[in-house]
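Engineer: The structure file run13.pdb (PDB, C-alpha atoms) is provided below.
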```
ATOM      1  CA  MET A 272       0.210  -0.159 -16.081
ATOM      2  CA  ASP A 273       2.020  -1.512 -19.150
ATOM      3  CA  GLU A 274       3.486  -4.273 -16.993
ATOM      4  CA  ILE A 275      -0.012  -5.229 -15.839
ATOM      5  CA  VAL A 276      -1.216  -5.420 -19.436
ATOM      6  CA  LYS A 277       1.724  -7.657 -20.367
ATOM      7  CA  ILE A 278       1.159 -10.029 -17.433
ATOM      8  CA  ILE A 279      -2.522 -10.405 -18.321
ATOM      9  CA  SER A 280      -1.689 -10.833 -22.019
ATOM     10  CA  ASP A 281       0.805 -13.605 -21.201
ATOM     11  CA  ILE A 282      -1.786 -15.415 -19.079
ATOM     12  CA  LYS A 283      -4.359 -15.140 -21.890
ATOM     13  CA  ASN A 284      -1.816 -16.635 -24.295
ATOM     14  CA  GLY A 285      -1.122 -19.572 -21.983
ATOM     15  CA  ASN A 286       2.262 -18.330 -20.755
ATOM     16  CA  ILE A 287       1.429 -18.956 -17.098
ATOM     17  CA  LYS A 288       4.063 -18.901 -14.365
ATOM     18  CA  PRO A 289       4.102 -21.387 -11.477
ATOM     19  CA  ILE A 290       4.481 -18.530  -8.957
ATOM     20  CA  TYR A 291       3.203 -14.961  -8.963
ATOM     21  CA  PHE A 292       4.624 -12.917  -6.097
ATOM     22  CA  LEU A 293       2.691  -9.647  -6.054
ATOM     23  CA  MET A 294       4.072  -7.096  -3.605
ATOM     24  CA  GLY A 295       4.214  -3.374  -2.944
ATOM     25  CA  GLU A 296       2.721  -0.291  -1.331
ATOM     26  CA  GLU A 297      -0.174   0.106  -3.787
ATOM     27  CA  PRO A 298      -2.759  -2.664  -3.197
ATOM     28  CA  TYR A 299      -4.935  -1.810  -6.213
ATOM     29  CA  TYR A 300      -2.864  -3.612  -8.850
ATOM     30  CA  ILE A 301      -2.151  -6.527  -6.531
ATOM     31  CA  ASP A 302      -5.889  -6.979  -6.033
ATOM     32  CA  LYS A 303      -6.633  -6.658  -9.755
ATOM     33  CA  LEU A 304      -4.008  -9.224 -10.794
ATOM     34  CA  THR A 305      -5.106 -11.612  -8.059
ATOM     35  CA  GLU A 306      -8.738 -11.266  -9.167
ATOM     36  CA  TYR A 307      -7.806 -11.843 -12.798
ATOM     37  CA  ILE A 308      -5.940 -15.056 -12.047
ATOM     38  CA  GLU A 309      -8.704 -16.203  -9.699
ATOM     39  CA  ASP A 310     -11.356 -15.624 -12.382
ATOM     40  CA  ASN A 311      -9.569 -16.710 -15.558
ATOM     41  CA  VAL A 312      -6.867 -19.364 -15.175
ATOM     42  CA  LEU A 313      -9.290 -22.233 -14.509
ATOM     43  CA  THR A 314     -12.720 -22.904 -15.960
ATOM     44  CA  GLU A 315     -15.730 -22.860 -13.657
ATOM     45  CA  ASP A 316     -15.853 -26.687 -13.753
ATOM     46  CA  GLU A 317     -12.177 -26.943 -12.782
ATOM     47  CA  LYS A 318     -12.336 -24.468  -9.884
ATOM     48  CA  GLY A 319     -14.322 -26.714  -7.535
ATOM     49  CA  PHE A 320     -11.478 -29.176  -6.980
ATOM     50  CA  ASN A 321      -8.487 -27.180  -8.140
ATOM     51  CA  GLN A 322      -8.725 -23.632  -6.805
ATOM     52  CA  MET A 323      -8.049 -22.687  -3.206
ATOM     53  CA  VAL A 324      -7.947 -19.309  -1.498
ATOM     54  CA  LEU A 325      -5.926 -19.032   1.712
ATOM     55  CA  TYR A 326      -5.335 -16.084   4.049
ATOM     56  CA  GLY A 327      -1.958 -15.181   5.528
ATOM     57  CA  ARG A 328      -3.286 -14.814   9.066
ATOM     58  CA  ASP A 329      -4.703 -18.367   9.028
ATOM     59  CA  VAL A 330      -1.855 -20.407   7.507
ATOM     60  CA  THR A 331       1.862 -21.086   7.753
ATOM     61  CA  ILE A 332       4.388 -21.319   4.941
ATOM     62  CA  ASP A 333       4.364 -25.098   5.439
ATOM     63  CA  ASP A 334       0.594 -25.109   4.908
ATOM     64  CA  ILE A 335       0.972 -23.133   1.686
ATOM     65  CA  VAL A 336       3.713 -25.410   0.363
ATOM     66  CA  SER A 337       1.681 -28.486   1.241
ATOM     67  CA  HIS A 338      -1.283 -27.216  -0.779
ATOM     68  CA  ALA A 339       0.972 -26.094  -3.632
ATOM     69  CA  LYS A 340       2.562 -29.544  -3.952
ATOM     70  CA  ARG A 341      -0.771 -31.266  -4.508
ATOM     71  CA  TYR A 342      -1.598 -32.517  -8.001
ATOM     72  CA  PRO A 343      -4.628 -31.180  -9.858
ATOM     73  CA  MET A 344      -7.767 -33.307 -10.237
ATOM     74  CA  MET A 345      -9.095 -33.712 -13.788
ATOM     75  CA  ALA A 346      -7.348 -30.525 -14.888
ATOM     76  CA  ASP A 347      -3.950 -29.454 -16.205
ATOM     77  CA  ARG A 348      -3.223 -27.243 -13.209
ATOM     78  CA  GLN A 349      -4.450 -26.039  -9.846
ATOM     79  CA  VAL A 350      -4.471 -22.467  -8.482
ATOM     80  CA  VAL A 351      -3.509 -21.639  -4.899
ATOM     81  CA  ILE A 352      -4.039 -18.010  -3.892
ATOM     82  CA  VAL A 353      -2.692 -16.570  -0.644
ATOM     83  CA  LYS A 354      -4.371 -13.259   0.181
ATOM     84  CA  GLU A 355      -3.087 -10.874   2.872
ATOM     85  CA  ALA A 356       0.245 -12.697   2.692
ATOM     86  CA  GLN A 357       1.954  -9.743   4.411
ATOM     87  CA  GLU A 358       0.755 -11.364   7.643
ATOM     88  CA  LEU A 359       3.534 -13.906   7.026
ATOM     89  CA  VAL A 360       6.289 -11.287   6.992
ATOM     90  CA  LYS A 361       8.261 -13.003   9.765
ATOM     91  CA  THR A 362       8.388 -16.361   7.997
ATOM     92  CA  ILE A 363       8.101 -15.475   4.304
ATOM     93  CA  GLU A 364      11.774 -16.360   3.710
ATOM     94  CA  ASN A 365      10.818 -19.991   4.381
ATOM     95  CA  LEU A 366       9.191 -20.021   0.949
ATOM     96  CA  GLU A 367      12.640 -20.068  -0.668
ATOM     97  CA  LYS A 368      12.938 -23.847  -0.871
ATOM     98  CA  TYR A 369       9.644 -24.173  -2.714
ATOM     99  CA  ALA A 370      10.496 -21.209  -4.970
ATOM    100  CA  ASP A 371      13.711 -23.013  -5.978
ATOM    101  CA  ASN A 372      11.662 -25.953  -7.275
ATOM    102  CA  PRO A 373       7.991 -25.043  -7.693
ATOM    103  CA  GLN A 374       5.333 -27.559  -8.662
ATOM    104  CA  PRO A 375       4.885 -27.089 -12.443
ATOM    105  CA  THR A 376       1.161 -27.943 -12.335
ATOM    106  CA  THR A 377       0.417 -25.350  -9.629
ATOM    107  CA  VAL A 378      -0.124 -21.614 -10.036
ATOM    108  CA  LEU A 379       0.761 -20.134  -6.655
ATOM    109  CA  VAL A 380      -0.276 -16.497  -6.171
ATOM    110  CA  ILE A 381       1.127 -14.603  -3.177
ATOM    111  CA  ALA A 382      -0.609 -11.255  -2.556
ATOM    112  CA  TYR A 383       1.923  -9.500  -0.310
ATOM    113  CA  LYS A 384       0.411  -6.042   0.108
ATOM    114  CA  TYR A 385       1.914  -2.857   1.603
ATOM    115  CA  LYS A 386       5.378  -4.443   1.835
ATOM    116  CA  THR A 387       8.235  -5.515  -0.424
ATOM    117  CA  LEU A 388      10.819  -8.253  -0.170
ATOM    118  CA  ASP A 389      14.466  -7.454   0.390
ATOM    119  CA  LYS A 390      15.845  -7.808  -3.142
ATOM    120  CA  ARG A 391      19.209  -8.938  -1.789
ATOM    121  CA  LYS A 392      17.699 -12.112  -0.336
ATOM    122  CA  LYS A 393      17.851 -15.503  -2.030
ATOM    123  CA  LEU A 394      14.063 -15.796  -2.008
ATOM    124  CA  ILE A 395      13.525 -12.995  -4.485
ATOM    125  CA  LYS A 396      16.180 -14.373  -6.797
ATOM    126  CA  ALA A 397      14.444 -17.777  -6.757
ATOM    127  CA  LEU A 398      11.060 -16.165  -7.397
ATOM    128  CA  GLU A 399      12.412 -14.132 -10.306
ATOM    129  CA  LYS A 400      14.121 -17.197 -11.794
ATOM    130  CA  ASN A 401      11.195 -19.597 -11.567
ATOM    131  CA  GLY A 402       8.161 -17.338 -11.401
ATOM    132  CA  LEU A 403       7.195 -13.683 -11.626
ATOM    133  CA  VAL A 404       7.734 -10.866  -9.141
ATOM    134  CA  PHE A 405       5.565  -7.792  -9.567
ATOM    135  CA  GLU A 406       6.098  -4.665  -7.466
ATOM    136  CA  SER A 407       3.071  -2.371  -7.228
ATOM    137  CA  LYS A 408       4.362   1.124  -6.479
ATOM    138  CA  LYS A 409       2.355   4.052  -5.137
ATOM    139  CA  LEU A 410       1.548   6.684  -7.731
ATOM    140  CA  TYR A 411       2.396  10.303  -7.066
ATOM    141  CA  GLU A 412      -0.452  12.812  -6.912
ATOM    142  CA  ASN A 413       0.557  14.283 -10.275
ATOM    143  CA  GLN A 414       0.139  10.843 -11.918
ATOM    144  CA  ILE A 415      -3.391  10.107 -10.681
ATOM    145  CA  ALA A 416      -5.372  12.237 -13.163
ATOM    146  CA  SER A 417      -3.851  10.465 -16.165
ATOM    147  CA  TRP A 418      -4.425   7.109 -14.405
ATOM    148  CA  ILE A 419      -8.126   7.997 -13.974
ATOM    149  CA  SER A 420      -8.384   8.835 -17.685
ATOM    150  CA  ARG A 421      -6.741   5.535 -18.661
ATOM    151  CA  VAL A 422      -9.093   3.577 -16.403
ATOM    152  CA  LEU A 423     -12.173   5.308 -17.839
ATOM    153  CA  LYS A 424     -11.226   5.248 -21.534
ATOM    154  CA  PRO A 425     -11.844   1.533 -22.281
ATOM    155  CA  LYS A 426     -15.175   1.830 -20.456
ATOM    156  CA  GLU A 427     -16.192   4.674 -22.814
ATOM    157  CA  TYR A 428     -16.078   7.486 -20.269
ATOM    158  CA  SER A 429     -13.906  10.584 -19.941
ATOM    159  CA  ILE A 430     -13.392  13.081 -17.153
ATOM    160  CA  ASP A 431     -13.053  16.840 -16.887
ATOM    161  CA  ALA A 432      -9.661  17.984 -15.537
ATOM    162  CA  LYS A 433     -11.223  19.743 -12.556
ATOM    163  CA  ALA A 434     -13.369  16.688 -11.723
ATOM    164  CA  ALA A 435     -10.263  14.479 -11.740
ATOM    165  CA  ALA A 436      -8.459  17.009  -9.549
ATOM    166  CA  MET A 437     -11.391  17.015  -7.103
ATOM    167  CA  LEU A 438     -11.246  13.230  -6.754
ATOM    168  CA  VAL A 439      -7.535  13.368  -6.007
ATOM    169  CA  GLU A 440      -7.990  16.266  -3.606
ATOM    170  CA  PHE A 441     -10.666  14.480  -1.580
ATOM    171  CA  LEU A 442      -9.599  10.833  -1.882
ATOM    172  CA  GLY A 443      -5.820  11.186  -2.042
ATOM    173  CA  THR A 444      -3.790   8.644  -3.997
ATOM    174  CA  ASP A 445      -5.702   5.557  -2.833
ATOM    175  CA  LEU A 446      -6.487   3.913  -6.193
ATOM    176  CA  ASN A 447      -9.022   1.486  -4.720
ATOM    177  CA  ARG A 448     -11.073   4.324  -3.195
ATOM    178  CA  ILE A 449     -10.918   6.341  -6.420
ATOM    179  CA  ASN A 450     -11.858   3.321  -8.527
ATOM    180  CA  ASN A 451     -14.813   2.543  -6.253
ATOM    181  CA  GLU A 452     -16.181   6.061  -6.735
ATOM    182  CA  LEU A 453     -15.629   5.876 -10.497
ATOM    183  CA  GLU A 454     -17.542   2.592 -10.623
ATOM    184  CA  LYS A 455     -20.466   4.231  -8.798
ATOM    185  CA  LEU A 456     -20.518   7.006 -11.393
ATOM    186  CA  GLN A 457     -20.448   4.464 -14.237
ATOM    187  CA  ILE A 458     -23.571   2.818 -12.822
ATOM    188  CA  ILE A 459     -25.404   6.152 -12.756
ATOM    189  CA  LEU A 460     -24.108   7.835 -15.929
ATOM    190  CA  PRO A 461     -24.548   6.534 -19.504
ATOM    191  CA  LYS A 462     -21.542   5.520 -21.591
ATOM    192  CA  GLY A 463     -19.984   8.378 -23.501
ATOM    193  CA  THR A 464     -20.418  10.795 -20.585
ATOM    194  CA  GLN A 465     -17.672  13.198 -19.617
ATOM    195  CA  ILE A 466     -17.591  13.257 -15.813
ATOM    196  CA  THR A 467     -17.767  16.841 -14.534
ATOM    197  CA  PRO A 468     -17.464  18.583 -11.144
ATOM    198  CA  ASN A 469     -21.275  18.668 -11.023
ATOM    199  CA  HIS A 470     -21.378  14.874 -11.321
ATOM    200  CA  ILE A 471     -18.864  14.621  -8.483
ATOM    201  CA  GLU A 472     -20.880  16.973  -6.285
ATOM    202  CA  GLU A 473     -24.276  15.402  -7.016
ATOM    203  CA  ASN A 474     -23.293  11.741  -6.807
ATOM    204  CA  ILE A 475     -20.278  11.540  -4.498
ATOM    205  CA  GLY A 476     -21.031  14.403  -2.148
ATOM    206  CA  PHE A 477     -18.058  16.725  -2.537
ATOM    207  CA  SER A 478     -19.103  20.377  -2.886
ATOM    208  CA  LYS A 479     -17.613  21.918  -5.993
ATOM    209  CA  ASP A 480     -17.662  25.381  -4.406
ATOM    210  CA  PHE A 481     -16.846  24.838  -0.733
ATOM    211  CA  ASN A 482     -13.856  22.517  -0.488
ATOM    212  CA  VAL A 483     -10.141  22.605   0.213
ATOM    213  CA  PHE A 484      -9.470  22.756  -3.522
ATOM    214  CA  GLU A 485     -11.444  26.030  -3.884
ATOM    215  CA  PHE A 486     -10.093  27.347  -0.563
ATOM    216  CA  ARG A 487      -6.537  26.962  -1.773
ATOM    217  CA  LYS A 488      -7.433  28.560  -5.107
ATOM    218  CA  ALA A 489      -9.075  31.567  -3.390
ATOM    219  CA  ILE A 490      -5.985  32.056  -1.237
ATOM    220  CA  GLY A 491      -3.663  31.802  -4.233
ATOM    221  CA  ASP A 492      -5.798  34.319  -6.150
ATOM    222  CA  ARG A 493      -5.908  36.610  -3.084
ATOM    223  CA  ASN A 494      -9.699  36.462  -3.377
ATOM    224  CA  GLN A 495     -10.285  37.397   0.249
ATOM    225  CA  LEU A 496     -14.098  37.391   0.133
ATOM    226  CA  GLN A 497     -14.280  33.864  -1.263
ATOM    227  CA  ALA A 498     -11.578  32.603   1.112
ATOM    228  CA  TYR A 499     -13.466  33.936   4.157
ATOM    229  CA  ARG A 500     -16.760  32.463   2.878
ATOM    230  CA  ILE A 501     -15.177  29.014   2.497
ATOM    231  CA  ALA A 502     -13.425  29.297   5.874
ATOM    232  CA  GLU A 503     -16.774  30.030   7.551
ATOM    233  CA  HIS A 504     -18.320  27.017   5.780
ATOM    234  CA  PHE A 505     -15.472  24.848   7.085
ATOM    235  CA  ALA A 506     -15.952  26.174  10.614
ATOM    236  CA  GLN A 507     -19.674  25.380  10.481
ATOM    237  CA  ASN A 508     -18.963  21.860   9.189
ATOM    238  CA  LYS A 509     -15.863  20.969  11.188
ATOM    239  CA  LYS A 510     -16.516  17.217  11.172
ATOM    240  CA  GLU A 511     -16.382  17.217   7.402
ATOM    241  CA  TYR A 512     -13.560  19.777   7.244
ATOM    242  CA  PRO A 513     -11.351  19.357  10.345
ATOM    243  CA  ILE A 514      -9.007  22.276  10.805
ATOM    244  CA  VAL A 515      -5.949  20.036  11.014
ATOM    245  CA  VAL A 516      -6.653  18.892   7.444
ATOM    246  CA  THR A 517      -7.249  22.460   6.250
ATOM    247  CA  THR A 518      -4.059  23.843   7.806
ATOM    248  CA  GLY A 519      -2.136  20.843   6.481
ATOM    249  CA  MET A 520      -3.372  21.527   2.960
ATOM    250  CA  VAL A 521      -2.550  25.259   3.170
ATOM    251  CA  PHE A 522       0.885  24.438   4.603
ATOM    252  CA  SER A 523       1.520  21.999   1.750
ATOM    253  CA  PHE A 524       0.474  24.648  -0.789
ATOM    254  CA  PHE A 525       2.806  27.345   0.543
ATOM    255  CA  SER A 526       5.658  24.875   1.079
ATOM    256  CA  GLY A 527       5.292  23.945  -2.578
ATOM    257  CA  LEU A 528       5.130  27.612  -3.535
ATOM    258  CA  LEU A 529       8.366  28.237  -1.631
ATOM    259  CA  GLN A 530       9.969  25.414  -3.600
ATOM    260  CA  TYR A 531       8.508  26.801  -6.842
ATOM    261  CA  HIS A 532      10.136  30.198  -6.184
ATOM    262  CA  GLY A 533      13.508  28.470  -6.106
ATOM    263  CA  LEU A 534      13.106  26.555  -9.372
ATOM    264  CA  LYS A 535      15.152  27.591 -12.370
ATOM    265  CA  ASP A 536      12.972  25.589 -14.752
ATOM    266  CA  LYS A 537       9.439  26.878 -14.178
ATOM    267  CA  SER A 538       7.852  25.013 -17.082
ATOM    268  CA  ALA A 539       4.506  23.415 -16.201
ATOM    269  CA  GLY A 540       5.817  19.884 -16.671
ATOM    270  CA  ASN A 541       8.816  20.435 -14.415
ATOM    271  CA  VAL A 542       6.749  22.173 -11.728
ATOM    272  CA  ALA A 543       4.255  19.286 -11.623
ATOM    273  CA  LYS A 544       7.105  16.777 -11.479
ATOM    274  CA  VAL A 545       9.148  18.530  -8.772
ATOM    275  CA  LEU A 546       6.179  19.456  -6.566
ATOM    276  CA  LYS A 547       4.517  16.081  -7.247
ATOM    277  CA  ILE A 548       1.194  17.730  -7.976
ATOM    278  CA  ASN A 549      -1.562  17.230 -10.529
ATOM    279  CA  PRO A 550      -0.627  19.289 -13.631
ATOM    280  CA  TYR A 551      -4.095  20.848 -13.415
ATOM    281  CA  PHE A 552      -2.995  22.740 -10.293
ATOM    282  CA  VAL A 553       0.133  24.296 -11.814
ATOM    283  CA  LYS A 554      -1.798  27.368 -12.983
ATOM    284  CA  ASP A 555      -2.872  27.983  -9.357
ATOM    285  CA  TYR A 556       0.782  28.037  -8.344
ATOM    286  CA  ASP A 557       1.590  30.371 -11.269
ATOM    287  CA  ILE A 558      -0.956  32.905 -10.009
ATOM    288  CA  ALA A 559       0.130  32.554  -6.375
ATOM    289  CA  LEU A 560       3.775  32.990  -7.394
ATOM    290  CA  LYS A 561       2.941  36.510  -8.588
ATOM    291  CA  ASN A 562       0.804  37.289  -5.536
ATOM    292  CA  TYR A 563       3.222  36.054  -2.850
ATOM    293  CA  PRO A 564       6.952  36.915  -2.981
ATOM    294  CA  MET A 565       9.350  34.381  -1.530
ATOM    295  CA  LYS A 566       9.923  36.374   1.684
ATOM    296  CA  LYS A 567       6.157  36.599   2.273
ATOM    297  CA  VAL A 568       5.747  32.856   1.639
ATOM    298  CA  SER A 569       8.381  32.100   4.285
ATOM    299  CA  THR A 570       6.479  34.254   6.789
ATOM    300  CA  ILE A 571       3.196  32.527   5.915
ATOM    301  CA  VAL A 572       4.693  29.051   6.408
ATOM    302  CA  ALA A 573       5.798  30.075   9.914
ATOM    303  CA  SER A 574       2.322  31.490  10.652
ATOM    304  CA  ILE A 575       0.601  28.288   9.527
ATOM    305  CA  ARG A 576       2.755  26.286  11.964
ATOM    306  CA  GLU A 577       1.657  28.654  14.730
ATOM    307  CA  ILE A 578      -2.056  28.261  13.848
ATOM    308  CA  ASP A 579      -1.664  24.493  13.658
ATOM    309  CA  LEU A 580      -0.270  24.438  17.203
ATOM    310  CA  LYS A 581      -3.108  26.635  18.443
ATOM    311  CA  SER A 582      -5.654  24.311  16.832
ATOM    312  CA  LYS A 583      -4.159  21.536  18.955
ATOM    313  CA  GLY A 584      -4.475  23.593  22.133
ATOM    314  CA  VAL A 585      -0.848  24.738  22.351
ATOM    315  CA  GLY A 586      -0.569  28.384  23.384
ATOM    316  CA  ALA A 587      -4.293  29.058  23.051
ATOM    317  CA  ASN A 588      -7.407  28.570  25.153
ATOM    318  CA  GLN A 589      -9.503  26.414  22.843
ATOM    319  CA  LEU A 590     -10.221  29.062  20.239
ATOM    320  CA  HIS A 591     -13.180  28.373  17.954
ATOM    321  CA  GLU A 592     -12.176  26.967  14.556
ATOM    322  CA  SER A 593     -13.817  29.960  12.865
ATOM    323  CA  ASP A 594     -11.515  32.321  14.789
ATOM    324  CA  LEU A 595      -8.440  30.265  13.999
ATOM    325  CA  LEU A 596      -9.237  30.131  10.296
ATOM    326  CA  LYS A 597      -9.870  33.884  10.235
ATOM    327  CA  GLU A 598      -6.584  34.470  12.037
ATOM    328  CA  LEU A 599      -4.859  32.253   9.471
ATOM    329  CA  LEU A 600      -6.324  34.265   6.595
ATOM    330  CA  VAL A 601      -5.394  37.572   8.224
ATOM    331  CA  LYS A 602      -1.766  36.402   8.467
ATOM    332  CA  ILE A 603      -1.828  35.295   4.838
ATOM    333  CA  PHE A 604      -3.448  38.403   3.367
ATOM    334  CA  ILE A 605      -1.754  41.207   5.375
TER     335      ILE A 605
END
```
Represent the structure of the file as structure tokens.

Structural biologist:
Amino acid sequence: MDEIVKIISDIKNGNIKPIYFLMGEEPYYIDKLTEYIEDNVLTEDEKGFNQMVLYGRDVTIDDIVSHAKRYPMMADRQVVIVKEAQELVKTIENLEKYADNPQPTTVLVIAYKYKTLDKRKKLIKALEKNGLVFESKKLYENQIASWISRVLKPKEYSIDAKAAAMLVEFLGTDLNRINNELEKLQIILPKGTQITPNHIEENIGFSKDFNVFEFRKAIGDRNQLQAYRIAEHFAQNKKEYPIVVTTGMVFSFFSGLLQYHGLKDKSAGNVAKVLKINPYFVKDYDIALKNYPMKKVSTIVASIREIDLKSKGVGANQLHESDLLKELLVKIFI
């Protein structure tokens, strides 16, 4: 995020590169930088003649270079933006010649999402020498909560730890999806609000009581009554809570617990880092560590694999999801 701030600060101060090659697995920052350049490098009067947006599926590298070599009209520079440039993966190396000698009055933005260039190639060296290469890396699950807090802070919002954990649990590490939901909440809630699990449940639709987050917690606590209640809710709402997702989550939890048992450094920070989990969840693992010895965890992991196969019709005659989830809990709690 610091790199993003620096890039935007440089642009604001007039230190604008002739080429911005934005690449990587996380599209959120690529989109945000592209939008910033699109909105701020030229004035509204200049954009009509001097700003062009192209799409990778519709153009060739020759087309891009041709547009980039044009001179601006009644402006100091022009902006050429190529969105979805990953569609040009087979020919992207052909950009090398232009990157060696870019047009100084053009700002060429290449949004190359979900992929990265081979850093051994001449193209990347030319881009780094004459422009800017930004790699947008995926965040780990344990980094998302702090990212959410940083995104909300300048907008005068904060978020409860459990609410942040719920968003990660239900939306994964897709920053665009998380940001979209946060923006919805900011429309509804006044500035200064701390976002809580109730806000998540009421406005986004995730139940704060019946979800995989609470299911995992009930299992870790050996709270059998609550675990069976949630399992029955899942079985009655299998479109919303498919069993393959539930077993995958439980498998991930016990696999992490197995790894936790083997750690010498069991400090909260190290556990979150090694297991790549939200620090908020470390206390759940602490409790489960006491409730499930390593030998038992190994047995449970094997049982979850068996239930997963049965849920896919292997070695079972289409058992109802309720029965499979109950069988899973029996194997965990015995």

Engineer: Residues picked by the PyMOL selection byres ((chain A and resi 468) around 8) here, as a ChimeraX atom specification?

Structural biologist: /A:431,433-434,437,466-467,469-472,479

Engineer: Go ahead and dump the residues you just picked, C-alpha atoms, as a compact mmCIF listing (two decimals), in the coordinates of the input.

Structural biologist:
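To be explicit, this is the file written out as selection25.txt:
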```txt
# COMPACT_ATOMS: atom_id res chain seq x y z
CA ASP A 431 -13.05 16.84 -16.89
CA LYS A 433 -11.22 19.74 -12.56
CA ALA A 434 -13.37 16.69 -11.72
CA MET A 437 -11.39 17.02 -7.10
CA ILE A 466 -17.59 13.26 -15.81
CA THR A 467 -17.77 16.84 -14.53
CA ASN A 469 -21.28 18.67 -11.02
CA HIS A 470 -21.38 14.87 -11.32
CA ILE A 471 -18.86 14.62 -8.48
CA GLU A 472 -20.88 16.97 -6.28
CA LYS A 479 -17.61 21.92 -5.99
```

Engineer: Restricting the calculation to only C-alpha atoms, which member of A:Leu529, A:Ala502, A:Ile395, A:Met345 is positioned closest to Tyr291 (chain A)?

Structural biologist: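 Result for the nearest residue to Tyr291 (chain A): A:Ile395.
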
Engineer: Wanna dump the region 291-343 of chain A-region 351-370 of chain A contacts at 6 Å for me, each residue with its shortest atom pair and the distance in Å to one decimal, counting only C-alpha atoms, ordered by chain and number, as a Markdown table?

Structural biologist:
```
| residue | atom | partner | partner_atom | distance |
| --- | --- | --- | --- | --- |
| A:Gln322 | CA | A:Val351 | CA | 5.9 |
| A:Met323 | CA | A:Val351 | CA | 5.0 |
| A:Val324 | CA | A:Ile352 | CA | 4.8 |
| A:Leu325 | CA | A:Val353 | CA | 4.7 |
| A:Tyr326 | CA | A:Lys354 | CA | 4.9 |
| A:Gly327 | CA | A:Ala356 | CA | 4.4 |
| A:Arg328 | CA | A:Glu358 | CA | 5.5 |
```

Engineer: May I have the residues from that selection written out with C-alpha atoms, as a compact mmCIF listing (two decimals), in the frame of the given file?

Structural biologist:
```
# COMPACT_ATOMS: atom_id res chain seq x y z
CA GLN A 322 -8.72 -23.63 -6.80
CA MET A 323 -8.05 -22.69 -3.21
CA VAL A 324 -7.95 -19.31 -1.50
CA LEU A 325 -5.93 -19.03 1.71
CA TYR A 326 -5.34 -16.08 4.05
CA GLY A 327 -1.96 -15.18 5.53
CA ARG A 328 -3.29 -14.81 9.07
```

Engineer: Decode the PyMOL selection byres ((chain A and resi 482) around 9) for the given file into explicit residues and return them as JSON, numbers by chain.

Structural biologist: {"A": [437, 441, 477, 478, 479, 480, 481, 483, 484, 485, 486, 487, 501, 504, 505, 512]}

Engineer: So which residues are close to (6.4, -17.7, -15.1), meaning at most 8 Å away in the file's coordinates with all atoms listed in the file counted, and can you show them as an MDAnalysis selection string?

Structural biologist: chainID A and resid 286:291 401:403

Engineer: Using the chain letters and numbering of this document, enumerate as a PyMOL selection string the residues selected by the PyMOL selection byres ((chain A and resi 565-571) around 12).

Structural biologist: chain A and resi 490-491+518+521-534+559-564+572-578+598-605

Engineer: Put a box with edges along x, y and z around all the listed atoms of region 475-491 of chain A, pad it by 8 Å on each side, then give me its centre and sizes in Å, one decimal, as lines of an AutoDock Vina configuration file.

Structural biologist:
```
center_x = -12.3
center_y = 21.8
center_z = -2.9
size_x = 33.4
size_y = 36.5
size_z = 22.2
```

Engineer: Could you check how far CA of Glu503 (chain A) sits from CA of Glu592 (chain A), in Å to one decimal?

Structural biologist: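 Distance between the two atoms: 8.9 Å.
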
Engineer: Figure out the distance between CA of Leu423 (chain A) and CA of Leu456 (chain A), please, to one decimal in Å.

Structural biologist: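 It comes out at 10.7 Å.
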
Engineer: Do you have the CA of Gln507 (chain A)-CA of Ala436 (chain A) distance handy?

Structural biologist: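 CA of Gln507 (chain A) sits 24.4 Å away from CA of Ala436 (chain A).
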
Engineer: Restricting the calculation to only C-alpha atoms, which member of A:Pro513, A:Gly443, A:Pro373, A:Gly295 is positioned closest to Tyr385 (chain A)?

Structural biologist: A:Gly295

Engineer: Identify which of the residues A:Ser407, A:Lys509, A:Ile308, A:Lys340 lies closest to Ser280 (chain A), counting all atoms listed in the file when measuring atom-to-atom distances.

Structural biologist: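 Closest to Ser280 (chain A), using all atoms listed in the file: A:Ile308.
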